[in-house]
$ cat data.cif   # mmCIF, C-alpha atoms and all ligand atoms; chains and numbers go by the auth columns
data_my_file
#
loop_
_atom_site.group_PDB
_atom_site.id
_atom_site.type_symbol
_atom_site.label_atom_id
_atom_site.label_comp_id
_atom_site.label_asym_id
_atom_site.label_seq_id
_atom_site.Cartn_x
_atom_site.Cartn_y
_atom_site.Cartn_z
_atom_site.B_iso_or_equiv
_atom_site.auth_seq_id
_atom_site.auth_asym_id
ATOM 1 C CA MET A 1 -16.011 30.494 -46.544 0.00 15 A
ATOM 2 C CA ALA A 2 -16.951 26.868 -46.138 0.00 16 A
ATOM 3 C CA VAL A 3 -18.533 25.209 -49.144 0.00 17 A
ATOM 4 C CA VAL A 4 -20.763 22.215 -48.535 0.00 18 A
ATOM 5 C CA ARG A 5 -23.144 20.208 -50.641 0.00 19 A
ATOM 6 C CA GLU A 6 -25.954 17.926 -49.676 0.00 20 A
ATOM 7 C CA VAL A 7 -25.233 14.220 -50.145 0.00 21 A
ATOM 8 C CA LYS A 8 -27.462 11.275 -49.465 0.00 22 A
ATOM 9 C CA ALA A 9 -26.550 7.986 -47.770 0.00 23 A
ATOM 10 C CA VAL A 10 -27.335 5.154 -50.161 0.00 24 A
ATOM 11 C CA LYS A 11 -25.980 1.912 -48.706 0.00 25 A
ATOM 12 C CA MET A 12 -23.072 0.411 -46.835 0.00 26 A
ATOM 13 C CA PHE A 13 -20.545 -2.320 -47.406 0.00 27 A
ATOM 14 C CA MET A 14 -19.129 -4.048 -44.352 0.00 28 A
ATOM 15 C CA GLY A 15 -16.410 -6.687 -44.285 0.00 29 A
ATOM 16 C CA LYS A 16 -12.919 -7.738 -43.358 0.00 30 A
ATOM 17 C CA LEU A 17 -9.588 -7.357 -45.090 0.00 31 A
ATOM 18 C CA GLU A 18 -7.099 -10.124 -45.646 0.00 32 A
ATOM 19 C CA CYS A 19 -4.023 -10.551 -43.465 0.00 33 A
ATOM 20 C CA GLY A 20 -1.036 -9.220 -45.420 0.00 34 A
ATOM 21 C CA ALA A 21 -3.054 -6.798 -47.571 0.00 35 A
ATOM 22 C CA ASP A 22 -2.019 -3.181 -47.981 0.00 36 A
ATOM 23 C CA LEU A 23 -4.595 -1.255 -45.935 0.00 37 A
ATOM 24 C CA LEU A 24 -5.048 1.810 -48.174 0.00 38 A
ATOM 25 C CA GLU A 25 -4.734 -0.052 -51.467 0.00 39 A
ATOM 26 C CA GLU A 26 -7.236 -2.709 -50.407 0.00 40 A
ATOM 27 C CA ILE A 27 -9.902 -0.186 -49.349 0.00 41 A
ATOM 28 C CA THR A 28 -9.302 1.658 -52.641 0.00 42 A
ATOM 29 C CA ARG A 29 -9.643 -1.612 -54.571 0.00 43 A
ATOM 30 C CA ILE A 30 -13.021 -2.294 -52.920 0.00 44 A
ATOM 31 C CA CYS A 31 -14.210 1.160 -54.004 0.00 45 A
ATOM 32 C CA VAL A 32 -13.056 0.557 -57.587 0.00 46 A
ATOM 33 C CA ASP A 33 -14.617 -2.934 -57.684 0.00 47 A
ATOM 34 C CA LYS A 34 -17.946 -1.725 -56.250 0.00 48 A
ATOM 35 C CA GLY A 35 -18.005 1.462 -58.322 0.00 49 A
ATOM 36 C CA ILE A 36 -17.987 3.740 -55.271 0.00 50 A
ATOM 37 C CA HIS A 37 -17.182 7.332 -56.256 0.00 51 A
ATOM 38 C CA LEU A 38 -18.429 9.109 -53.159 0.00 52 A
ATOM 39 C CA GLY A 39 -18.457 7.790 -49.627 0.00 53 A
ATOM 40 C CA ARG A 40 -17.049 7.585 -46.157 0.00 54 A
ATOM 41 C CA VAL A 41 -14.859 4.930 -44.615 0.00 55 A
ATOM 42 C CA GLU A 42 -14.245 3.688 -41.117 0.00 56 A
ATOM 43 C CA ALA A 43 -12.165 0.777 -39.888 0.00 57 A
ATOM 44 C CA LEU A 44 -10.515 -0.827 -36.912 0.00 58 A
ATOM 45 C CA GLY A 45 -8.225 -3.768 -36.354 0.00 59 A
ATOM 46 C CA ALA A 46 -4.485 -4.264 -36.263 0.00 60 A
ATOM 47 C CA VAL A 47 -1.510 -3.887 -38.581 0.00 61 A
ATOM 48 C CA LYS A 48 1.886 -5.574 -38.905 0.00 62 A
ATOM 49 C CA LYS A 49 3.528 -2.240 -39.665 0.00 63 A
ATOM 50 C CA ALA A 50 2.433 1.212 -40.673 0.00 64 A
ATOM 51 C CA ARG A 51 3.418 4.019 -43.006 0.00 65 A
ATOM 52 C CA LEU A 52 2.033 7.474 -42.389 0.00 66 A
ATOM 53 C CA GLY A 53 2.348 10.912 -43.889 0.00 67 A
ATOM 54 C CA TYR A 54 2.597 14.353 -42.386 0.00 68 A
ATOM 55 C CA TYR A 55 2.054 17.377 -44.599 0.00 69 A
ATOM 56 C CA ASN A 56 4.681 20.015 -44.039 0.00 70 A
ATOM 57 C CA GLN A 57 2.661 23.166 -44.703 0.00 71 A
ATOM 58 C CA LYS A 58 5.724 25.372 -45.103 0.00 72 A
ATOM 59 C CA GLU A 59 7.497 23.093 -47.590 0.00 73 A
ATOM 60 C CA ARG A 60 4.165 22.078 -49.133 0.00 74 A
ATOM 61 C CA GLU A 61 5.062 18.426 -49.297 0.00 75 A
ATOM 62 C CA TYR A 62 4.338 15.184 -47.502 0.00 76 A
ATOM 63 C CA HIS A 63 6.933 13.586 -45.295 0.00 77 A
ATOM 64 C CA PHE A 64 6.399 9.873 -44.830 0.00 78 A
ATOM 65 C CA TYR A 65 7.547 7.754 -41.932 0.00 79 A
ATOM 66 C CA GLU A 66 7.286 4.091 -41.034 0.00 80 A
ATOM 67 C CA LEU A 67 6.335 2.442 -37.792 0.00 81 A
ATOM 68 C CA ASP A 68 7.986 -0.954 -38.046 0.00 82 A
ATOM 69 C CA GLN A 69 6.005 -2.654 -35.294 0.00 83 A
ATOM 70 C CA THR A 70 2.671 -4.345 -34.693 0.00 84 A
ATOM 71 C CA LEU A 71 -0.035 -1.853 -33.827 0.00 85 A
ATOM 72 C CA GLU A 72 -3.751 -1.643 -33.112 0.00 86 A
ATOM 73 C CA ILE A 73 -5.872 0.459 -35.463 0.00 87 A
ATOM 74 C CA THR A 74 -7.800 2.404 -32.858 0.00 88 A
ATOM 75 C CA ASN A 75 -9.473 4.536 -35.495 0.00 89 A
ATOM 76 C CA LEU A 76 -9.479 5.008 -39.238 0.00 90 A
ATOM 77 C CA VAL A 77 -11.682 7.647 -40.767 0.00 91 A
ATOM 78 C CA GLY A 78 -11.735 8.627 -44.394 0.00 92 A
ATOM 79 C CA ASN A 79 -13.652 9.565 -47.486 0.00 93 A
ATOM 80 C CA VAL A 80 -13.950 8.452 -51.074 0.00 94 A
ATOM 81 C CA SER A 81 -13.975 10.892 -53.970 0.00 95 A
ATOM 82 C CA ILE A 82 -12.522 11.182 -57.462 0.00 96 A
ATOM 83 C CA LYS A 83 -9.024 12.096 -58.591 0.00 97 A
ATOM 84 C CA ASP A 84 -7.800 11.751 -62.175 0.00 98 A
ATOM 85 C CA GLY A 85 -11.054 9.988 -63.048 0.00 99 A
ATOM 86 C CA ALA A 86 -10.715 7.202 -60.477 0.00 100 A
ATOM 87 C CA PRO A 87 -11.861 6.667 -56.887 0.00 101 A
ATOM 88 C CA ILE A 88 -9.368 7.842 -54.289 0.00 102 A
ATOM 89 C CA VAL A 89 -9.525 7.102 -50.571 0.00 103 A
ATOM 90 C CA HIS A 90 -8.244 9.794 -48.230 0.00 104 A
ATOM 91 C CA ALA A 91 -7.890 8.395 -44.728 0.00 105 A
ATOM 92 C CA HIS A 92 -6.352 9.391 -41.440 0.00 106 A
ATOM 93 C CA VAL A 93 -5.588 6.792 -38.859 0.00 107 A
ATOM 94 C CA THR A 94 -4.621 6.448 -35.228 0.00 108 A
ATOM 95 C CA PHE A 95 -2.617 3.448 -34.031 0.00 109 A
ATOM 96 C CA SER A 96 -1.672 2.321 -30.542 0.00 110 A
ATOM 97 C CA ASP A 97 1.336 0.263 -29.454 0.00 111 A
ATOM 98 C CA LYS A 98 1.726 -2.364 -26.702 0.00 112 A
ATOM 99 C CA ASP A 99 1.901 0.348 -24.052 0.00 113 A
ATOM 100 C CA GLY A 100 -1.147 2.226 -25.343 0.00 114 A
ATOM 101 C CA HIS A 101 0.882 5.018 -26.875 0.00 115 A
ATOM 102 C CA ALA A 102 -0.761 6.519 -29.919 0.00 116 A
ATOM 103 C CA TYR A 103 0.571 7.481 -33.334 0.00 117 A
ATOM 104 C CA GLY A 104 -1.423 9.083 -36.056 0.00 118 A
ATOM 105 C CA GLY A 105 -1.375 10.644 -39.457 0.00 119 A
ATOM 106 C CA HIS A 106 -2.299 10.487 -43.114 0.00 120 A
ATOM 107 C CA LEU A 107 -2.590 6.847 -44.166 0.00 121 A
ATOM 108 C CA ALA A 108 -0.078 5.920 -46.879 0.00 122 A
ATOM 109 C CA PRO A 109 0.533 2.791 -48.934 0.00 123 A
ATOM 110 C CA GLY A 110 2.859 0.444 -47.068 0.00 124 A
ATOM 111 C CA THR A 111 0.599 -0.132 -44.062 0.00 125 A
ATOM 112 C CA ILE A 112 0.157 -3.901 -43.849 0.00 126 A
ATOM 113 C CA VAL A 113 -3.021 -5.432 -42.403 0.00 127 A
ATOM 114 C CA PHE A 114 -2.943 -8.054 -39.666 0.00 128 A
ATOM 115 C CA ALA A 115 -6.717 -7.960 -39.229 0.00 129 A
ATOM 116 C CA CYS A 116 -9.152 -5.255 -40.234 0.00 130 A
ATOM 117 C CA GLU A 117 -12.897 -4.703 -40.154 0.00 131 A
ATOM 118 C CA VAL A 118 -14.087 -2.018 -42.501 0.00 132 A
ATOM 119 C CA ILE A 119 -17.334 -0.201 -43.235 0.00 133 A
ATOM 120 C CA ILE A 120 -17.774 1.868 -46.380 0.00 134 A
ATOM 121 C CA GLN A 121 -20.828 4.070 -46.629 0.00 135 A
ATOM 122 C CA VAL A 122 -21.831 4.892 -50.199 0.00 136 A
ATOM 123 C CA LEU A 123 -23.080 8.431 -50.745 0.00 137 A
ATOM 124 C CA ASP A 124 -25.058 9.884 -53.606 0.00 138 A
ATOM 125 C CA GLY A 125 -24.558 13.455 -54.769 0.00 139 A
ATOM 126 C CA SER A 126 -22.750 15.601 -57.281 0.00 140 A
ATOM 127 C CA LYS A 127 -19.181 14.612 -58.090 0.00 141 A
ATOM 128 C CA PHE A 128 -16.402 15.483 -55.628 0.00 142 A
ATOM 129 C CA GLU A 129 -13.258 15.747 -57.725 0.00 143 A
ATOM 130 C CA ARG A 130 -9.780 16.484 -56.432 0.00 144 A
ATOM 131 C CA GLY A 131 -7.490 18.963 -58.109 0.00 145 A
ATOM 132 C CA LEU A 132 -4.468 20.986 -57.069 0.00 146 A
ATOM 133 C CA ASP A 133 -5.371 23.737 -54.607 0.00 147 A
ATOM 134 C CA GLN A 134 -2.982 26.649 -55.135 0.00 148 A
ATOM 135 C CA GLU A 135 -3.268 27.994 -51.603 0.00 149 A
ATOM 136 C CA THR A 136 -2.291 24.765 -49.842 0.00 150 A
ATOM 137 C CA GLY A 137 -0.536 22.716 -52.528 0.00 151 A
ATOM 138 C CA LEU A 138 -2.883 19.864 -51.708 0.00 152 A
ATOM 139 C CA PRO A 139 -5.200 17.905 -54.026 0.00 153 A
ATOM 140 C CA LEU A 140 -8.403 19.255 -52.526 0.00 154 A
ATOM 141 C CA TRP A 141 -11.987 19.072 -53.751 0.00 155 A
ATOM 142 C CA ASN A 142 -12.831 21.576 -56.467 0.00 156 A
ATOM 143 C CA MET A 143 -16.161 22.836 -55.113 0.00 157 A
ATOM 144 C CA ASN A 144 -16.649 25.663 -57.587 0.00 158 A
ATOM 145 C CA GLU A 145 -17.821 23.612 -60.553 0.00 159 A
HETATM 146 ZN ZN ZN B . -4.567 13.507 -45.277 0.00 1 B
#
$ encode --input "data.cif" --output "structure tokens" --more "lines below"
Ligand code: ZN
Amino acid sequence: MAVVREVKAVKMFMGKLECGADLLEEITRICVDKGIHLGRVEALGAVKKARLGYYNQKEREYHFYELDQTLEITNLVGNVSIKDGAPIVHAHVTFSDKDGHAYGGHLAPGTIVFACEVIIQVLDGSKFERGLDQETGLPLWNMNE
């Protein structure tokens, strides 16, 4: 059964990331600096190269792959919650190449920004904390607390 909680939109931060920054690490750093523990993220722009993950459900582990080319960020969507006491950004992203072909997956460190415009919406509500989910092997939200 789905478990959902009510959260309330508080405010938003909107800005741009620096050329050469690591996309995931930079968004995470903003959340740490601004004290954001719960939120949603969206972004668009372009990257110099990308690193994405795919979760192999049978092996219960991530496989990471690199796209060593310049790409457009056609969509980045993610959320902010807590893992091991610190903010963690979980984001999925779709990129397109010079021919408009798309690639997508779980955003991993190693994706380097060329230009990026980001919006982070801060939410207020009870804590969303990640912990190991036995059924999937993933660090999912523990909603039973
Ligand atoms: Zn993911």
$ closest_atom_pairs --input "data.cif" --of "chain A" --to "ligand ZN 1 (chain B)" --cutoff "8 Å" --atoms "only C-alpha atoms and all ligand atoms" --output "tab-separated table"
residue	atom	partner	partner_atom	distance
A:Gly67	CA	B:ZN1	ZN	7.5
A:Tyr68	CA	B:ZN1	ZN	7.8
A:Tyr69	CA	B:ZN1	ZN	7.7
A:His104	CA	B:ZN1	ZN	6.0
A:Ala105	CA	B:ZN1	ZN	6.1
A:His106	CA	B:ZN1	ZN	5.9
A:Gly119	CA	B:ZN1	ZN	7.2
A:His120	CA	B:ZN1	ZN	4.4
A:Leu121	CA	B:ZN1	ZN	7.0
$ resolve_selection --input "data.cif" --expression "the PyMOL selection byres (((chain A and resi 16) around 12) and not hetatm)" --output "number ranges by chain"
A: 15, 17-19, 155, 157-158
$ resolve_selection --input "data.cif" --expression "the PyMOL selection byres (((chain A and resi 138) around 7) and not hetatm)" --output "list in words"
Val21, Lys22, Ala23, Val24, Leu52, Val136, Leu137 and Gly139 of chain A
$ write_last_selection --input "data.cif" --atoms "C-alpha atoms" --output "PDB file, keeping the file's coordinate frame"
ATOM      1  CA  VAL A  21     -25.233  14.220 -50.145  1.00  0.00           C
ATOM      2  CA  LYS A  22     -27.462  11.275 -49.465  1.00  0.00           C
ATOM      3  CA  ALA A  23     -26.550   7.986 -47.770  1.00  0.00           C
ATOM      4  CA  VAL A  24     -27.335   5.154 -50.161  1.00  0.00           C
ATOM      5  CA  LEU A  52     -18.429   9.109 -53.159  1.00  0.00           C
ATOM      6  CA  VAL A 136     -21.831   4.892 -50.199  1.00  0.00           C
ATOM      7  CA  LEU A 137     -23.080   8.431 -50.745  1.00  0.00           C
ATOM      8  CA  GLY A 139     -24.558  13.455 -54.769  1.00  0.00           C
TER       9      GLY A 139
END
$ residues_near_point --input "data.cif" --point "(-5.3, -8.0, -39.5)" --cutoff "7 Å" --atoms "only C-alpha atoms" --output "ChimeraX atom specification"
/A:32-33,59-61,127-130
$ closest_residue --input "data.cif" --among "A:Thr88, A:Gln148, A:Thr125, A:Ser110" --to "Gly34 (chain A)" --atoms "all atoms listed in the file"
A:Thr125
$ axis_aligned_box --input "data.cif" --around "region 139-156 of chain A" --padding-each-side "5 Å" --output "JSON"
{"center_x": -12.5, "center_y": 20.7, "center_z": -54.0, "size_x": 34.0, "size_y": 24.5, "size_z": 18.3}
$ resolve_selection --input "data.cif" --expression "the PyMOL selection byres (((chain A and resi 149-154) around 12) and not hetatm)" --output "MDAnalysis selection string"
chainID A and resid 69:76 95:98 102 104 142:148 155:158
$ residues_around --input "data.cif" --residues "Gly92 (chain A)" --least-positions-apart "2" --cutoff "9 Å" --atoms "all atoms listed in the file" --output "PyMOL selection string"
chain A and resi 53-56+90+94+103-107
$ atom_distance --input "data.cif" --atom1 "CA of Asp113 (chain A)" --atom2 "CA of Leu85 (chain A)"
10.2 Å
$ atom_distance --input "data.cif" --atom1 "CA of Asp82 (chain A)" --atom2 "CA of Ile126 (chain A)"
10.2 Å
$ atom_distance --input "data.cif" --atom1 "CA of Ile44 (chain A)" --atom2 "CA of Thr108 (chain A)"
21.4 Å
$ closest_residue --input "data.cif" --among "A:Ser140, A:Tyr117, A:Lys48, A:Leu38" --to "Met26 (chain A)" --atoms "all atoms listed in the file"
A:Lys48
$ closest_residue --input "data.cif" --among "A:Asn89, A:Thr84, A:Val46, A:Glu39" --to "Glu131 (chain A)" --atoms "all atoms listed in the file"
A:Asn89
$ closest_residue --input "data.cif" --among "A:Glu80, A:His115, A:Asn93, A:Ala57" --to "Lys30 (chain A)" --atoms "only C-alpha atoms"
A:Ala57
$ closest_residue --input "data.cif" --among "A:Val132, A:Leu81, A:Ala100, A:Leu37" --to "His51 (chain A)" --atoms "all atoms listed in the file"
A:Ala100
$ closest_residue --input "data.cif" --among "A:His77, A:Glu20, A:Gly114, A:Gly29" --to "Ile41 (chain A)" --atoms "only C-alpha atoms"
A:Gly29
$ build_atoms --input "data.cif" --residues "region 65-76 of chain A" --atoms "all heavy atoms" --output "PDB file, keeping the file's coordinate frame"
ATOM      1  N   ARG A  65       2.725   2.916 -42.329  1.00  0.00           N
ATOM      2  CA  ARG A  65       3.418   4.019 -43.006  1.00  0.00           C
ATOM      3  C   ARG A  65       2.449   5.195 -43.063  1.00  0.00           C
ATOM      4  O   ARG A  65       1.322   5.053 -43.559  1.00  0.00           O
ATOM      5  CB  ARG A  65       3.860   3.596 -44.402  1.00  0.00           C
ATOM      6  CG  ARG A  65       4.698   4.637 -45.109  1.00  0.00           C
ATOM      7  CD  ARG A  65       5.438   4.036 -46.303  1.00  0.00           C
ATOM      8  NE  ARG A  65       6.030   5.093 -47.101  1.00  0.00           N
ATOM      9  CZ  ARG A  65       5.421   5.658 -48.157  1.00  0.00           C
ATOM     10  NH1 ARG A  65       4.239   5.225 -48.540  1.00  0.00           N
ATOM     11  NH2 ARG A  65       6.002   6.628 -48.809  1.00  0.00           N
ATOM     12  N   LEU A  66       2.887   6.308 -42.518  1.00  0.00           N
ATOM     13  CA  LEU A  66       2.033   7.474 -42.389  1.00  0.00           C
ATOM     14  C   LEU A  66       2.687   8.700 -43.011  1.00  0.00           C
ATOM     15  O   LEU A  66       3.902   8.752 -43.152  1.00  0.00           O
ATOM     16  CB  LEU A  66       1.761   7.763 -40.906  1.00  0.00           C
ATOM     17  CG  LEU A  66       0.991   6.692 -40.135  1.00  0.00           C
ATOM     18  CD1 LEU A  66       0.994   7.017 -38.647  1.00  0.00           C
ATOM     19  CD2 LEU A  66      -0.421   6.583 -40.665  1.00  0.00           C
ATOM     20  N   GLY A  67       1.850   9.654 -43.343  1.00  0.00           N
ATOM     21  CA  GLY A  67       2.348  10.912 -43.889  1.00  0.00           C
ATOM     22  C   GLY A  67       1.992  12.079 -42.997  1.00  0.00           C
ATOM     23  O   GLY A  67       1.003  12.038 -42.257  1.00  0.00           O
ATOM     24  N   TYR A  68       2.834  13.086 -43.077  1.00  0.00           N
ATOM     25  CA  TYR A  68       2.597  14.353 -42.386  1.00  0.00           C
ATOM     26  C   TYR A  68       2.857  15.444 -43.410  1.00  0.00           C
ATOM     27  O   TYR A  68       3.916  15.453 -44.048  1.00  0.00           O
ATOM     28  CB  TYR A  68       3.545  14.494 -41.188  1.00  0.00           C
ATOM     29  CG  TYR A  68       3.540  15.866 -40.574  1.00  0.00           C
ATOM     30  CD1 TYR A  68       2.568  16.218 -39.646  1.00  0.00           C
ATOM     31  CD2 TYR A  68       4.490  16.825 -40.949  1.00  0.00           C
ATOM     32  CE1 TYR A  68       2.548  17.497 -39.097  1.00  0.00           C
ATOM     33  CE2 TYR A  68       4.470  18.102 -40.409  1.00  0.00           C
ATOM     34  CZ  TYR A  68       3.501  18.428 -39.480  1.00  0.00           C
ATOM     35  OH  TYR A  68       3.464  19.688 -38.942  1.00  0.00           O
ATOM     36  N   TYR A  69       1.885  16.327 -43.597  1.00  0.00           N
ATOM     37  CA  TYR A  69       2.054  17.377 -44.599  1.00  0.00           C
ATOM     38  C   TYR A  69       2.750  18.577 -43.989  1.00  0.00           C
ATOM     39  O   TYR A  69       2.214  19.214 -43.077  1.00  0.00           O
ATOM     40  CB  TYR A  69       0.693  17.788 -45.171  1.00  0.00           C
ATOM     41  CG  TYR A  69       0.805  18.683 -46.381  1.00  0.00           C
ATOM     42  CD1 TYR A  69       1.278  18.188 -47.588  1.00  0.00           C
ATOM     43  CD2 TYR A  69       0.448  20.024 -46.313  1.00  0.00           C
ATOM     44  CE1 TYR A  69       1.393  19.005 -48.702  1.00  0.00           C
ATOM     45  CE2 TYR A  69       0.544  20.845 -47.421  1.00  0.00           C
ATOM     46  CZ  TYR A  69       1.023  20.332 -48.621  1.00  0.00           C
ATOM     47  OH  TYR A  69       1.132  21.146 -49.721  1.00  0.00           O
ATOM     48  N   ASN A  70       3.941  18.848 -44.489  1.00  0.00           N
ATOM     49  CA  ASN A  70       4.681  20.015 -44.039  1.00  0.00           C
ATOM     50  C   ASN A  70       4.123  21.234 -44.781  1.00  0.00           C
ATOM     51  O   ASN A  70       4.352  21.404 -45.983  1.00  0.00           O
ATOM     52  CB  ASN A  70       6.175  19.825 -44.321  1.00  0.00           C
ATOM     53  CG  ASN A  70       7.003  20.965 -43.759  1.00  0.00           C
ATOM     54  OD1 ASN A  70       6.689  22.139 -43.973  1.00  0.00           O
ATOM     55  ND2 ASN A  70       8.061  20.620 -43.043  1.00  0.00           N
ATOM     56  N   GLN A  71       3.383  22.063 -44.072  1.00  0.00           N
ATOM     57  CA  GLN A  71       2.661  23.166 -44.703  1.00  0.00           C
ATOM     58  C   GLN A  71       3.596  24.228 -45.265  1.00  0.00           C
ATOM     59  O   GLN A  71       3.265  24.902 -46.241  1.00  0.00           O
ATOM     60  CB  GLN A  71       1.690  23.793 -43.687  1.00  0.00           C
ATOM     61  CG  GLN A  71       0.616  22.811 -43.243  1.00  0.00           C
ATOM     62  CD  GLN A  71      -0.282  23.363 -42.165  1.00  0.00           C
ATOM     63  OE1 GLN A  71      -0.316  24.570 -41.900  1.00  0.00           O
ATOM     64  NE2 GLN A  71      -1.030  22.481 -41.520  1.00  0.00           N
ATOM     65  N   LYS A  72       4.763  24.374 -44.644  1.00  0.00           N
ATOM     66  CA  LYS A  72       5.724  25.372 -45.103  1.00  0.00           C
ATOM     67  C   LYS A  72       6.404  24.905 -46.391  1.00  0.00           C
ATOM     68  O   LYS A  72       6.513  25.661 -47.354  1.00  0.00           O
ATOM     69  CB  LYS A  72       6.765  25.611 -44.010  1.00  0.00           C
ATOM     70  CG  LYS A  72       7.443  26.948 -44.071  1.00  0.00           C
ATOM     71  CD  LYS A  72       8.265  27.181 -42.810  1.00  0.00           C
ATOM     72  CE  LYS A  72       9.018  28.502 -42.906  1.00  0.00           C
ATOM     73  NZ  LYS A  72       9.841  28.717 -41.703  1.00  0.00           N
ATOM     74  N   GLU A  73       6.829  23.642 -46.402  1.00  0.00           N
ATOM     75  CA  GLU A  73       7.497  23.093 -47.590  1.00  0.00           C
ATOM     76  C   GLU A  73       6.507  22.622 -48.651  1.00  0.00           C
ATOM     77  O   GLU A  73       6.886  22.322 -49.769  1.00  0.00           O
ATOM     78  CB  GLU A  73       8.402  21.916 -47.193  1.00  0.00           C
ATOM     79  CG  GLU A  73       9.547  22.309 -46.274  1.00  0.00           C
ATOM     80  CD  GLU A  73      10.354  21.108 -45.793  1.00  0.00           C
ATOM     81  OE1 GLU A  73      10.268  20.030 -46.433  1.00  0.00           O
ATOM     82  OE2 GLU A  73      11.040  21.232 -44.771  1.00  0.00           O
ATOM     83  N   ARG A  74       5.233  22.535 -48.236  1.00  0.00           N
ATOM     84  CA  ARG A  74       4.165  22.078 -49.133  1.00  0.00           C
ATOM     85  C   ARG A  74       4.459  20.703 -49.714  1.00  0.00           C
ATOM     86  O   ARG A  74       4.276  20.472 -50.915  1.00  0.00           O
ATOM     87  CB  ARG A  74       3.904  23.109 -50.246  1.00  0.00           C
ATOM     88  CG  ARG A  74       3.343  24.405 -49.704  1.00  0.00           C
ATOM     89  CD  ARG A  74       3.466  25.537 -50.682  1.00  0.00           C
ATOM     90  NE  ARG A  74       2.620  25.373 -51.854  1.00  0.00           N
ATOM     91  CZ  ARG A  74       1.457  25.983 -52.034  1.00  0.00           C
ATOM     92  NH1 ARG A  74       0.974  26.776 -51.113  1.00  0.00           N
ATOM     93  NH2 ARG A  74       0.780  25.803 -53.133  1.00  0.00           N
ATOM     94  N   GLU A  75       4.892  19.803 -48.842  1.00  0.00           N
ATOM     95  CA  GLU A  75       5.062  18.426 -49.297  1.00  0.00           C
ATOM     96  C   GLU A  75       4.903  17.454 -48.134  1.00  0.00           C
ATOM     97  O   GLU A  75       5.110  17.808 -46.979  1.00  0.00           O
ATOM     98  CB  GLU A  75       6.403  18.225 -50.003  1.00  0.00           C
ATOM     99  CG  GLU A  75       7.606  18.451 -49.131  1.00  0.00           C
ATOM    100  CD  GLU A  75       8.912  18.217 -49.897  1.00  0.00           C
ATOM    101  OE1 GLU A  75       8.919  18.317 -51.135  1.00  0.00           O
ATOM    102  OE2 GLU A  75       9.909  17.930 -49.225  1.00  0.00           O
ATOM    103  N   TYR A  76       4.506  16.229 -48.504  1.00  0.00           N
ATOM    104  CA  TYR A  76       4.338  15.184 -47.502  1.00  0.00           C
ATOM    105  C   TYR A  76       5.680  14.611 -47.094  1.00  0.00           C
ATOM    106  O   TYR A  76       6.558  14.391 -47.923  1.00  0.00           O
ATOM    107  CB  TYR A  76       3.463  14.050 -48.052  1.00  0.00           C
ATOM    108  CG  TYR A  76       1.988  14.307 -47.889  1.00  0.00           C
ATOM    109  CD1 TYR A  76       1.237  14.785 -48.945  1.00  0.00           C
ATOM    110  CD2 TYR A  76       1.362  14.079 -46.662  1.00  0.00           C
ATOM    111  CE1 TYR A  76      -0.117  15.043 -48.795  1.00  0.00           C
ATOM    112  CE2 TYR A  76       0.016  14.320 -46.508  1.00  0.00           C
ATOM    113  CZ  TYR A  76      -0.729  14.803 -47.574  1.00  0.00           C
ATOM    114  OH  TYR A  76      -2.059  15.053 -47.420  1.00  0.00           O
TER     115      TYR A  76
END
